[in-house]
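Enquirer: Contents of upload.pdb (PDB, C-alpha atoms and all ligand atoms):
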```pdb
ATOM      1  CA  MET W1399     -10.639   2.291 -22.068
ATOM      2  CA  SER W1400     -10.773  -1.301 -21.015
ATOM      3  CA  ASN W1401     -13.971  -2.860 -19.762
ATOM      4  CA  GLU W1402     -12.463  -5.530 -17.592
ATOM      5  CA  ARG W1403     -14.247  -5.936 -14.295
ATOM      6  CA  PRO W1404     -13.917  -8.467 -11.522
ATOM      7  CA  VAL W1405     -16.559 -11.149 -11.248
ATOM      8  CA  ASN W1406     -15.186 -12.878  -8.177
ATOM      9  CA  ILE W1407     -12.645 -11.704  -5.668
ATOM     10  CA  THR W1408     -11.138 -14.056  -3.128
ATOM     11  CA  VAL W1409      -8.953 -12.812  -0.320
ATOM     12  CA  ASN W1410      -7.076 -15.865   0.869
ATOM     13  CA  LYS W1411      -5.386 -14.999   4.128
ATOM     14  CA  ARG W1412      -3.994 -18.512   4.441
ATOM     15  CA  THR W1413      -1.878 -18.177   1.333
ATOM     16  CA  SER W1414      -1.660 -14.367   1.376
ATOM     17  CA  GLU W1415      -3.125 -14.279  -2.103
ATOM     18  CA  PHE W1416      -5.708 -11.913  -3.560
ATOM     19  CA  ILE W1417      -7.436 -13.675  -6.440
ATOM     20  CA  VAL W1418      -9.527 -11.914  -9.049
ATOM     21  CA  GLU W1419     -11.620 -13.646 -11.686
ATOM     22  CA  TRP W1420     -12.373 -11.150 -14.446
ATOM     23  CA  ASN W1421     -15.370 -10.861 -16.719
ATOM     24  CA  ASP W1422     -13.237 -11.881 -19.703
ATOM     25  CA  GLY W1423     -12.291 -15.144 -18.019
ATOM     26  CA  HIS W1424      -8.823 -14.088 -16.990
ATOM     27  CA  ARG W1425      -7.662 -14.994 -13.485
ATOM     28  CA  SER W1426      -5.163 -12.922 -11.563
ATOM     29  CA  VAL W1427      -3.393 -14.068  -8.429
ATOM     30  CA  TYR W1428      -1.760 -11.228  -6.528
ATOM     31  CA  PRO W1429       0.485 -11.852  -3.548
ATOM     32  CA  PHE W1430      -0.548  -9.480  -0.765
ATOM     33  CA  GLU W1431       2.958  -8.016  -0.740
ATOM     34  CA  LEU W1432       2.628  -7.033  -4.397
ATOM     35  CA  LEU W1433      -0.639  -5.191  -3.754
ATOM     36  CA  ARG W1434       0.930  -3.297  -0.887
ATOM     37  CA  ALA W1435       4.087  -2.492  -2.848
ATOM     38  CA  ALA W1436       1.853  -1.123  -5.595
ATOM     39  CA  CYS W1437      -0.468   0.826  -3.290
ATOM     40  CA  PRO W1438      -1.594   3.636  -5.583
ATOM     41  CA  CYS W1439      -2.065   6.289  -2.895
ATOM     42  CA  ALA W1440      -0.106   9.525  -3.004
ATOM     43  CA  SER W1441       1.830   8.714   0.153
ATOM     44  CA  CYS W1442       3.082   5.367  -1.050
ATOM     45  CA  GLN W1443       3.895   6.775  -4.477
ATOM     46  CA  GLY W1444       5.952   9.590  -3.022
ATOM     47  CA  GLY W1445       3.531  12.393  -3.768
ATOM     48  CA  HIS W1446       0.841  13.329  -6.253
ATOM     49  CA  GLU W1447       3.396  14.197  -8.904
ATOM     50  CA  ASN W1448       4.585  10.593  -8.957
ATOM     51  CA  MET W1449       1.164   8.980  -9.212
ATOM     52  CA  SER W1450       0.301   7.161 -12.413
ATOM     53  CA  ARG W1451      -2.544   5.205 -13.893
ATOM     54  CA  GLU W1452      -0.369   2.138 -14.423
ATOM     55  CA  PRO W1453       1.649   0.313 -11.789
ATOM     56  CA  LYS W1454       5.345   1.013 -11.862
ATOM     57  CA  GLU W1455       7.541  -1.813 -13.085
ATOM     58  CA  GLN W1456       9.628  -1.791  -9.897
ATOM     59  CA  VAL W1457       6.745  -3.031  -7.771
ATOM     60  CA  PHE W1458       7.221  -6.496  -9.241
ATOM     61  CA  GLU W1459      10.765  -6.602  -7.871
ATOM     62  CA  MET W1460       9.837  -5.470  -4.366
ATOM     63  CA  HIS W1461       9.391  -8.251  -1.867
ATOM     64  CA  LEU W1462       8.022  -6.719   1.277
ATOM     65  CA  GLY W1463       7.541  -9.976   3.157
ATOM     66  CA  ASP W1464       4.973 -10.629   5.857
ATOM     67  CA  SER W1465       4.073  -7.921   8.341
ATOM     68  CA  PRO W1466       0.917  -6.032   9.335
ATOM     69  CA  ALA W1467       1.672  -3.756   6.381
ATOM     70  CA  THR W1468       1.195  -6.678   3.991
ATOM     71  CA  ARG W1469      -1.761  -8.383   5.663
ATOM     72  CA  ILE W1470      -5.223  -7.510   4.427
ATOM     73  CA  SER W1471      -7.773  -6.604   7.054
ATOM     74  CA  ALA W1472     -10.708  -5.713   4.796
ATOM     75  CA  VAL W1473     -11.632  -4.893   1.215
ATOM     76  CA  LYS W1474     -14.148  -2.212   0.299
ATOM     77  CA  GLN W1475     -15.659  -1.369  -3.027
ATOM     78  CA  VAL W1476     -15.266   2.190  -4.250
ATOM     79  CA  GLY W1477     -18.147   3.182  -6.491
ATOM     80  CA  SER W1478     -18.253   0.994  -9.539
ATOM     81  CA  TYR W1479     -14.659   1.523 -10.553
ATOM     82  CA  GLY W1480     -12.422   0.008  -7.944
ATOM     83  CA  LEU W1481     -11.710  -0.974  -4.393
ATOM     84  CA  THR W1482      -9.703  -0.015  -1.388
ATOM     85  CA  ILE W1483      -7.759  -2.403   0.782
ATOM     86  CA  VAL W1484      -7.559  -1.894   4.514
ATOM     87  CA  TRP W1485      -4.207  -3.212   5.696
ATOM     88  CA  GLU W1486      -3.551  -4.456   9.188
ATOM     89  CA  ASP W1487      -1.219  -1.540   9.880
ATOM     90  CA  GLY W1488      -4.220   0.735   9.347
ATOM     91  CA  HIS W1489      -3.254   2.012   5.906
ATOM     92  CA  ASP W1490      -6.236   2.321   3.543
ATOM     93  CA  TYR W1491      -5.649   5.321   1.287
ATOM     94  CA  GLY W1492      -5.038   3.511  -1.987
ATOM     95  CA  ILE W1493      -7.860   3.164  -4.503
ATOM     96  CA  TYR W1494      -7.169   0.291  -6.869
ATOM     97  CA  SER W1495      -9.198   0.932  -9.995
ATOM     98  CA  TRP W1496     -10.144  -2.091 -12.065
ATOM     99  CA  HIS W1497      -7.812  -0.782 -14.736
ATOM    100  CA  TYR W1498      -4.920  -0.502 -12.297
ATOM    101  CA  LEU W1499      -5.610  -3.928 -10.806
ATOM    102  CA  ARG W1500      -5.691  -5.590 -14.195
ATOM    103  CA  ALA W1501      -2.483  -3.840 -15.233
ATOM    104  CA  LEU W1502      -0.927  -5.170 -12.036
ATOM    105  CA  CYS W1503      -1.674  -8.812 -12.879
ATOM    106  CA  PRO W1504       1.597 -10.637 -12.282
ATOM    107  CA  CYS W1505       0.890 -13.601 -14.559
ATOM    108  CA  GLU W1506       3.383 -14.327 -17.309
ATOM    109  CA  VAL W1507       0.990 -13.468 -20.113
ATOM    110  CA  CYS W1508       0.218 -10.036 -18.706
ATOM    111  CA  ARG W1509       3.819  -9.344 -17.708
ATOM    112  CA  SER W1510       5.089 -10.169 -21.172
ATOM    113  CA  ARG W1511       2.723  -7.546 -22.575
ATOM    114  CA  ARG W1512       4.051  -4.804 -20.362
TER     115      ARG W1512
ATOM    116  CA  MET G 383      10.988  18.366  19.484
ATOM    117  CA  SER G 384      13.957  19.304  17.440
ATOM    118  CA  GLY G 385      12.098  20.553  14.423
ATOM    119  CA  ARG G 386      12.448  17.468  12.326
ATOM    120  CA  PHE G 387       8.861  17.628  11.199
ATOM    121  CA  VAL G 388       6.855  19.949   9.087
ATOM    122  CA  ARG G 389       3.099  19.768   9.288
ATOM    123  CA  LYS G 390       1.758  18.354   6.069
ATOM    124  CA  PRO G 391      -1.865  17.336   6.497
ATOM    125  CA  PHE G 392      -3.260  14.533   4.449
ATOM    126  CA  ARG G 393      -5.489  15.958   1.765
ATOM    127  CA  LEU G 394      -8.655  14.181   0.649
ATOM    128  CA  THR G 395      -9.329  14.310  -3.061
ATOM    129  CA  PRO G 396     -12.910  14.702  -4.264
ATOM    130  CA  GLY G 397     -12.721  11.165  -5.610
ATOM    131  CA  MET G 398     -11.796   9.768  -2.230
ATOM    132  CA  VAL G 399     -14.592  11.680  -0.558
ATOM    133  CA  ALA G 400     -17.063  10.386  -3.106
ATOM    134  CA  GLY G 401     -15.627   6.913  -2.771
ATOM    135  CA  SER G 402     -15.917   6.962   0.990
ATOM    136  CA  PHE G 403     -19.522   8.063   0.698
ATOM    137  CA  LEU G 404     -20.303   5.253  -1.702
ATOM    138  CA  VAL G 405     -18.561   2.740   0.500
ATOM    139  CA  ALA G 406     -20.552   3.941   3.488
ATOM    140  CA  LEU G 407     -23.754   3.729   1.480
ATOM    141  CA  CYS G 408     -22.776   0.301   0.325
ATOM    142  CA  LEU G 409     -22.176  -0.885   3.864
ATOM    143  CA  CYS G 410     -25.591   0.388   4.868
ATOM    144  CA  LEU G 411     -27.281  -1.497   2.066
ATOM    145  CA  VAL G 412     -25.485  -4.788   2.375
ATOM    146  CA  SER G 413     -24.604  -6.377   5.654
ATOM    147  CA  GLY G 414     -23.927  -9.973   4.627
ATOM    148  CA  ALA G 415     -20.472 -11.152   5.612
ATOM    149  CA  GLY G 416     -19.409 -12.248   2.170
ATOM    150  CA  LEU G 417     -21.190  -9.547   0.234
ATOM    151  CA  TRP G 418     -20.066  -6.154  -0.784
ATOM    152  CA  GLY G 419     -21.153  -3.470  -3.162
ATOM    153  CA  PHE G 420     -24.719  -2.705  -4.058
ATOM    154  CA  SER G 421     -27.699  -4.983  -3.754
ATOM    155  CA  ALA G 422     -30.223  -5.415  -6.538
ATOM    156  CA  SER G 423     -32.458  -2.884  -4.819
ATOM    157  CA  SER G 424     -29.696  -0.299  -4.825
ATOM    158  CA  ALA G 425     -30.783   3.300  -5.030
ATOM    159  CA  ILE G 426     -28.180   3.813  -7.736
ATOM    160  CA  PRO G 427     -29.535   1.976 -10.785
ATOM    161  CA  SER G 428     -26.515   2.731 -12.957
ATOM    162  CA  GLU G 429     -24.234   0.585 -10.815
ATOM    163  CA  PRO G 430     -23.087  -2.465 -12.760
ATOM    164  CA  PRO G 431     -23.115  -5.885 -11.145
ATOM    165  CA  VAL G 432     -20.413  -6.140  -8.560
ATOM    166  CA  ALA G 433     -18.005  -8.937  -7.903
ATOM    167  CA  ALA G 434     -18.658 -11.500  -5.223
ATOM    168  CA  LEU G 435     -16.148 -11.167  -2.424
ATOM    169  CA  THR G 436     -14.921 -14.141  -0.448
ATOM    170  CA  ILE G 437     -12.530 -13.817   2.438
ATOM    171  CA  LEU G 438     -10.788 -16.953   3.613
ATOM    172  CA  PRO G 439      -9.478 -16.327   7.110
ATOM    173  CA  ALA G 440      -5.949 -17.050   8.152
ATOM    174  CA  PRO G 441      -5.443 -20.200  10.204
ATOM    175  CA  THR G 442      -5.640 -19.679  13.941
ATOM    176  CA  SER G 443      -1.985 -20.579  14.218
ATOM    177  CA  THR G 444      -1.081 -17.456  12.290
ATOM    178  CA  PRO G 445       1.858 -15.584  13.770
ATOM    179  CA  SER G 446      -0.226 -12.414  13.604
ATOM    180  CA  PRO G 447      -0.097 -10.762  17.034
ATOM    181  CA  THR G 448      -3.518  -9.138  16.575
ATOM    182  CA  PRO G 449      -6.170 -11.490  15.134
ATOM    183  CA  THR G 450      -8.855  -8.809  15.172
ATOM    184  CA  PRO G 451      -6.913  -5.588  15.132
ATOM    185  CA  ALA G 452      -8.405  -2.346  16.282
ATOM    186  CA  LEU G 453      -7.109  -0.358  13.362
ATOM    187  CA  ALA G 454      -6.496   2.878  15.176
ATOM    188  CA  ALA G 455      -4.423   1.149  17.794
ATOM    189  CA  THR G 456      -2.486  -1.374  15.734
ATOM    190  CA  PRO G 457       1.162  -1.118  16.706
ATOM    191  CA  SER G 458       4.023  -1.251  14.271
ATOM    192  CA  PRO G 459       5.294  -4.741  13.528
ATOM    193  CA  ALA G 460       8.494  -4.125  15.412
ATOM    194  CA  ALA G 461       9.843  -1.400  17.590
ATOM    195  CA  PRO G 462      10.735   1.586  15.407
ATOM    196  CA  GLY G 463      14.233   1.462  14.068
ATOM    197  CA  GLN G 464      14.799  -2.169  15.059
ATOM    198  CA  GLY G 465      16.183  -4.698  12.602
ATOM    199  CA  ILE G 466      17.070  -2.238   9.852
ATOM    200  CA  ALA G 467      19.827  -3.399   7.534
ATOM    201  CA  ILE G 468      21.148  -2.485   4.120
ATOM    202  CA  GLY G 469      18.890  -3.953   1.463
ATOM    203  CA  ALA G 470      15.825  -4.083   3.706
ATOM    204  CA  TYR G 471      12.570  -2.399   2.829
ATOM    205  CA  VAL G 472      11.395   0.015   5.478
ATOM    206  CA  GLN G 473       8.243   2.033   5.880
ATOM    207  CA  ILE G 474       7.858   5.457   7.367
ATOM    208  CA  SER G 475       5.494   5.205  10.298
ATOM    209  CA  GLY G 476       4.429   7.018  13.392
ATOM    210  CA  THR G 477       4.904  10.594  12.277
ATOM    211  CA  GLY G 478       1.229  11.347  12.777
ATOM    212  CA  GLY G 479       0.885  12.408   9.174
ATOM    213  CA  GLN G 480       3.578  15.031   9.502
ATOM    214  CA  GLY G 481       6.113  13.188   7.411
ATOM    215  CA  LEU G 482       9.763  12.402   7.950
ATOM    216  CA  ARG G 483      12.566  14.630   6.769
ATOM    217  CA  LEU G 484      15.090  13.079   4.445
ATOM    218  CA  ARG G 485      18.389  14.896   4.456
ATOM    219  CA  ALA G 486      21.508  15.235   2.367
ATOM    220  CA  ALA G 487      23.706  13.814   5.136
ATOM    221  CA  PRO G 488      23.280  12.240   8.577
ATOM    222  CA  GLY G 489      22.554  14.844  11.218
ATOM    223  CA  LEU G 490      19.951  17.450  12.071
ATOM    224  CA  ASP G 491      21.980  20.256  10.502
ATOM    225  CA  ALA G 492      22.187  18.606   7.097
ATOM    226  CA  ALA G 493      20.152  20.089   4.271
ATOM    227  CA  LEU G 494      16.538  18.969   4.043
ATOM    228  CA  LEU G 495      15.904  17.286   0.694
ATOM    229  CA  PHE G 496      12.224  16.394   0.941
ATOM    230  CA  LEU G 497       9.543  14.965   3.206
ATOM    231  CA  GLY G 498       8.841  11.256   3.188
ATOM    232  CA  TYR G 499       5.209  10.358   3.720
ATOM    233  CA  ASP G 500       3.747   8.079   6.335
ATOM    234  CA  ALA G 501       3.426   4.555   4.876
ATOM    235  CA  GLU G 502       5.883   5.290   2.084
ATOM    236  CA  VAL G 503       8.263   2.404   1.453
ATOM    237  CA  TYR G 504      11.991   2.820   0.899
ATOM    238  CA  GLN G 505      14.948   0.536   0.422
ATOM    239  CA  VAL G 506      17.906   0.947   2.763
ATOM    240  CA  ARG G 507      21.126   1.515   0.807
ATOM    241  CA  ASP G 508      23.635   2.781   3.377
ATOM    242  CA  GLY G 509      24.156   3.228   7.087
ATOM    243  CA  PRO G 510      23.920   3.179   9.936
ATOM    244  CA  ARG G 511      25.553   6.429  10.992
ATOM    245  CA  GLN G 512      25.245   8.056  14.383
ATOM    246  CA  ALA G 513      24.699  11.796  14.548
ATOM    247  CA  ASP G 514      22.938  14.166  16.935
ATOM    248  CA  GLY G 515      21.681  11.301  19.040
ATOM    249  CA  TYR G 516      19.943   9.522  16.171
ATOM    250  CA  THR G 517      20.743   6.530  14.024
ATOM    251  CA  TRP G 518      20.610   7.465  10.340
ATOM    252  CA  TRP G 519      20.012   5.321   7.284
ATOM    253  CA  TYR G 520      20.270   6.221   3.625
ATOM    254  CA  LEU G 521      16.958   5.496   1.924
ATOM    255  CA  VAL G 522      16.076   5.279  -1.754
ATOM    256  CA  ALA G 523      12.520   5.130  -3.099
ATOM    257  CA  PRO G 524      11.954   1.955  -5.121
ATOM    258  CA  TYR G 525      10.398   3.874  -8.001
ATOM    259  CA  ASP G 526      12.711   6.818  -8.121
ATOM    260  CA  GLU G 527      16.452   6.733  -7.454
ATOM    261  CA  GLY G 528      16.337  10.500  -7.167
ATOM    262  CA  ARG G 529      14.028  10.340  -4.175
ATOM    263  CA  ALA G 530      16.705   9.468  -1.653
ATOM    264  CA  GLY G 531      18.248  10.788   1.510
ATOM    265  CA  TRP G 532      19.288  10.155   5.089
ATOM    266  CA  ALA G 533      16.555   9.553   7.654
ATOM    267  CA  ALA G 534      16.502   8.988  11.400
ATOM    268  CA  ALA G 535      15.600   5.428  12.316
ATOM    269  CA  ASP G 536      13.055   6.365  14.972
ATOM    270  CA  PHE G 537      10.250   6.631  12.438
ATOM    271  CA  LEU G 538      11.138   3.670  10.263
ATOM    272  CA  SER G 539       9.722   0.179  10.616
ATOM    273  CA  VAL G 540      11.127  -2.820   8.811
ATOM    274  CA  LEU G 541       8.923  -4.567   6.272
ATOM    275  CA  SER G 542      11.367  -7.176   5.101
ATOM    276  CA  THR G 543      14.919  -8.222   5.555
ATOM    277  CA  PRO G 544      17.165  -8.400   2.477
ATOM    278  CA  GLN G 545      16.451 -11.194   0.006
ATOM    279  CA  PRO G 546      19.287 -13.677  -0.459
TER     280      PRO G 546
HETATM  281 ZN    ZN L1601      -0.650   3.720   0.147
HETATM  282 ZN    ZN L1602      -2.675 -11.857 -16.098
END
```
How does the structure come out when it is put into structure tokens?

Expert:
Amino acid sequence: MSNERPVNITVNKRTSEFIVEWNDGHRSVYPFELLRAACPCASCQGGHENMSREPKEQVFEMHLGDSPATRISAVKQVGSYGLTIVWEDGHDYGIYSWHYLRALCPCEVCRSRR
Amino acid sequence: MSGRFVRKPFRLTPGMVAGSFLVALCLCLVSGAGLWGFSASSAIPSEPPVAALTILPAPTSTPSPTPTPALAATPSPAAPGQGIAIGAYVQISGTGGQGLRLRAAPGLDAALLFLGYDAEVYQVRDGPRQADGYTWWYLVAPYDEGRAGWAAADFLSVLSTPQP
């Protein structure tokens, strides 16, 4: 079990980037559209049977573009283990655990490890 | 209606219920605009330090039609079914949580394959076809080529047009 946790989270609506600085010094920059494509809720994953603890590889190839579905309205912490994102289309079911978020880091170093 | 829907209520998991409770508690404890999570005087001593949250607003010239959206009333980005094309990503929306039937062929008499969920994203691979008064598109789930079928356009909204 990894112990990575965010230290700072910046939601930059100007650049549509969600930036996480982790307690191990790593920095992840997530395009909003990637976070939405990877929404871990059962609906977005096509049912409970398709849910997984790690993001699916295909989410990195999805480019959803700009729409209310890919604009962040709010971010809420869930316990001590993750967060939910409220999207402008009203969707807010996905709980992004720290583990899931870190595994979703799109940087080259993290991607090459996948 | 023509029986295209089957009631399929959204089911809260215990984790989501607990999470919602904690979020509500958190919001009660901390009201600062840039703060989230638990304050130092939190009633839950086992909570580890939380991350600082900063939200940089979009410029006022943003094309967003709703700068401060009322979430329950936020409309779909475009009229349902408009702008769909092969290669586009579409989202199921507006079924009121009942889901959208994906079928083996265009038309209301075609075999039901499965229910697509509200907010689920699909890629358009074929269509359009006209049948039974609806426009039908062939959708494939990005994660699972087997999760595919024909769906009426009325409950699809376009997320993106095809990438060049
Ligand atoms: Zn979702
Ligand atoms: Zn990384």

Enquirer: For the atom pair atom CA of G:Arg507 and atom CA of G:Trp519, what is the interatomic distance in Å to one decimal place?

Expert: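 Interatomic distance here is 7.6 Å.
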
Enquirer: Env of stretch 1436-1438 of chain W: 8 Å cut, atoms = only C-alpha atoms, seq-sep filter 2 positions within chain, self excluded. Answer as an NGL selection string.

Expert: :W and (1432-1434 or 1440 or 1442-1443 or 1449-1450 or 1453-1454 or 1457 or 1492-1494)

Enquirer: Can you list, as an mmCIF file with C-alpha atoms, in the coordinates of the input, the residues that the PyMOL selection byres (((chain W and resi 1444) around 12) and not hetatm) selects here?

Expert:
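Generated file (expr_27.cif):
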```cif
data_model
loop_
_atom_site.group_PDB
_atom_site.id
_atom_site.type_symbol
_atom_site.label_atom_id
_atom_site.label_comp_id
_atom_site.auth_asym_id
_atom_site.auth_seq_id
_atom_site.Cartn_x
_atom_site.Cartn_y
_atom_site.Cartn_z
ATOM 1 C CA ALA W 1436 1.853 -1.123 -5.595
ATOM 2 C CA CYS W 1437 -0.468 0.826 -3.290
ATOM 3 C CA PRO W 1438 -1.594 3.636 -5.583
ATOM 4 C CA CYS W 1439 -2.065 6.289 -2.895
ATOM 5 C CA ALA W 1440 -0.106 9.525 -3.004
ATOM 6 C CA SER W 1441 1.830 8.714 0.153
ATOM 7 C CA CYS W 1442 3.082 5.367 -1.050
ATOM 8 C CA GLN W 1443 3.895 6.775 -4.477
ATOM 9 C CA GLY W 1445 3.531 12.393 -3.768
ATOM 10 C CA HIS W 1446 0.841 13.329 -6.253
ATOM 11 C CA GLU W 1447 3.396 14.197 -8.904
ATOM 12 C CA ASN W 1448 4.585 10.593 -8.957
ATOM 13 C CA MET W 1449 1.164 8.980 -9.212
ATOM 14 C CA SER W 1450 0.301 7.161 -12.413
ATOM 15 C CA GLN G 473 8.243 2.033 5.880
ATOM 16 C CA ILE G 474 7.858 5.457 7.367
ATOM 17 C CA GLY G 481 6.113 13.188 7.411
ATOM 18 C CA LEU G 482 9.763 12.402 7.950
ATOM 19 C CA PHE G 496 12.224 16.394 0.941
ATOM 20 C CA LEU G 497 9.543 14.965 3.206
ATOM 21 C CA GLY G 498 8.841 11.256 3.188
ATOM 22 C CA TYR G 499 5.209 10.358 3.720
ATOM 23 C CA ASP G 500 3.747 8.079 6.335
ATOM 24 C CA ALA G 501 3.426 4.555 4.876
ATOM 25 C CA GLU G 502 5.883 5.290 2.084
ATOM 26 C CA VAL G 503 8.263 2.404 1.453
ATOM 27 C CA TYR G 504 11.991 2.820 0.899
ATOM 28 C CA VAL G 522 16.076 5.279 -1.754
ATOM 29 C CA ALA G 523 12.520 5.130 -3.099
ATOM 30 C CA PRO G 524 11.954 1.955 -5.121
ATOM 31 C CA TYR G 525 10.398 3.874 -8.001
ATOM 32 C CA ASP G 526 12.711 6.818 -8.121
ATOM 33 C CA GLU G 527 16.452 6.733 -7.454
ATOM 34 C CA GLY G 528 16.337 10.500 -7.167
ATOM 35 C CA ARG G 529 14.028 10.340 -4.175
ATOM 36 C CA ALA G 530 16.705 9.468 -1.653
#
```

Enquirer: (18.1, 10.3, 14.5) in this file's frame - what residues fall within 6 Å of it? Use all atoms listed in the file and give the answer as an NGL selection string.

Expert: :G and (515-518 or 534-535)

Enquirer: Please report the interatomic distance between atom CA of W:Ser1478 and atom CA of W:Tyr1491 in Å with one decimal.

Expert: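 So the answer is 17.2 Å.
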
Enquirer: Would you fill the gaps in stretch 531-543 of chain G so it has N, CA, C and O atoms, then print it as a PDB file, in the coordinates of the input?

Expert:
```pdb
ATOM      1  N   GLY G 531      17.628   9.934   0.515  1.00  0.00           N
ATOM      2  CA  GLY G 531      18.248  10.788   1.510  1.00  0.00           C
ATOM      3  C   GLY G 531      18.430  10.041   2.819  1.00  0.00           C
ATOM      4  O   GLY G 531      18.046   8.875   2.947  1.00  0.00           O
ATOM      5  N   TRP G 532      19.032  10.739   3.772  1.00  0.00           N
ATOM      6  CA  TRP G 532      19.288  10.155   5.089  1.00  0.00           C
ATOM      7  C   TRP G 532      18.121  10.442   6.023  1.00  0.00           C
ATOM      8  O   TRP G 532      17.622  11.564   6.073  1.00  0.00           O
ATOM      9  N   ALA G 533      17.701   9.411   6.757  1.00  0.00           N
ATOM     10  CA  ALA G 533      16.555   9.553   7.654  1.00  0.00           C
ATOM     11  C   ALA G 533      16.882   8.938   9.004  1.00  0.00           C
ATOM     12  O   ALA G 533      17.595   7.937   9.092  1.00  0.00           O
ATOM     13  N   ALA G 534      16.342   9.537  10.052  1.00  0.00           N
ATOM     14  CA  ALA G 534      16.502   8.988  11.400  1.00  0.00           C
ATOM     15  C   ALA G 534      15.665   7.728  11.542  1.00  0.00           C
ATOM     16  O   ALA G 534      14.539   7.650  11.038  1.00  0.00           O
ATOM     17  N   ALA G 535      16.239   6.749  12.249  1.00  0.00           N
ATOM     18  CA  ALA G 535      15.600   5.428  12.316  1.00  0.00           C
ATOM     19  C   ALA G 535      14.347   5.404  13.175  1.00  0.00           C
ATOM     20  O   ALA G 535      13.546   4.477  13.063  1.00  0.00           O
ATOM     21  N   ASP G 536      14.148   6.424  13.995  1.00  0.00           N
ATOM     22  CA  ASP G 536      13.055   6.365  14.972  1.00  0.00           C
ATOM     23  C   ASP G 536      11.676   6.247  14.338  1.00  0.00           C
ATOM     24  O   ASP G 536      10.726   5.806  14.979  1.00  0.00           O
ATOM     25  N   PHE G 537      11.556   6.679  13.091  1.00  0.00           N
ATOM     26  CA  PHE G 537      10.250   6.631  12.438  1.00  0.00           C
ATOM     27  C   PHE G 537      10.255   5.707  11.231  1.00  0.00           C
ATOM     28  O   PHE G 537       9.534   5.921  10.259  1.00  0.00           O
ATOM     29  N   LEU G 538      11.088   4.684  11.319  1.00  0.00           N
ATOM     30  CA  LEU G 538      11.138   3.670  10.263  1.00  0.00           C
ATOM     31  C   LEU G 538      10.786   2.325  10.878  1.00  0.00           C
ATOM     32  O   LEU G 538      11.244   1.991  11.969  1.00  0.00           O
ATOM     33  N   SER G 539       9.957   1.554  10.183  1.00  0.00           N
ATOM     34  CA  SER G 539       9.722   0.179  10.616  1.00  0.00           C
ATOM     35  C   SER G 539      10.079  -0.755   9.463  1.00  0.00           C
ATOM     36  O   SER G 539       9.859  -0.434   8.294  1.00  0.00           O
ATOM     37  N   VAL G 540      10.636  -1.883   9.818  1.00  0.00           N
ATOM     38  CA  VAL G 540      11.127  -2.820   8.811  1.00  0.00           C
ATOM     39  C   VAL G 540       9.967  -3.624   8.238  1.00  0.00           C
ATOM     40  O   VAL G 540       9.135  -4.147   8.969  1.00  0.00           O
ATOM     41  N   LEU G 541       9.912  -3.709   6.924  1.00  0.00           N
ATOM     42  CA  LEU G 541       8.923  -4.567   6.272  1.00  0.00           C
ATOM     43  C   LEU G 541       9.528  -5.912   5.940  1.00  0.00           C
ATOM     44  O   LEU G 541       8.887  -6.941   6.065  1.00  0.00           O
ATOM     45  N   SER G 542      10.744  -5.903   5.458  1.00  0.00           N
ATOM     46  CA  SER G 542      11.367  -7.176   5.101  1.00  0.00           C
ATOM     47  C   SER G 542      12.864  -7.055   5.246  1.00  0.00           C
ATOM     48  O   SER G 542      13.427  -5.984   5.113  1.00  0.00           O
ATOM     49  N   THR G 543      13.473  -8.184   5.525  1.00  0.00           N
ATOM     50  CA  THR G 543      14.919  -8.222   5.555  1.00  0.00           C
ATOM     51  C   THR G 543      15.407  -8.510   4.137  1.00  0.00           C
ATOM     52  O   THR G 543      14.641  -8.954   3.294  1.00  0.00           O
TER      53      THR G 543
END
```
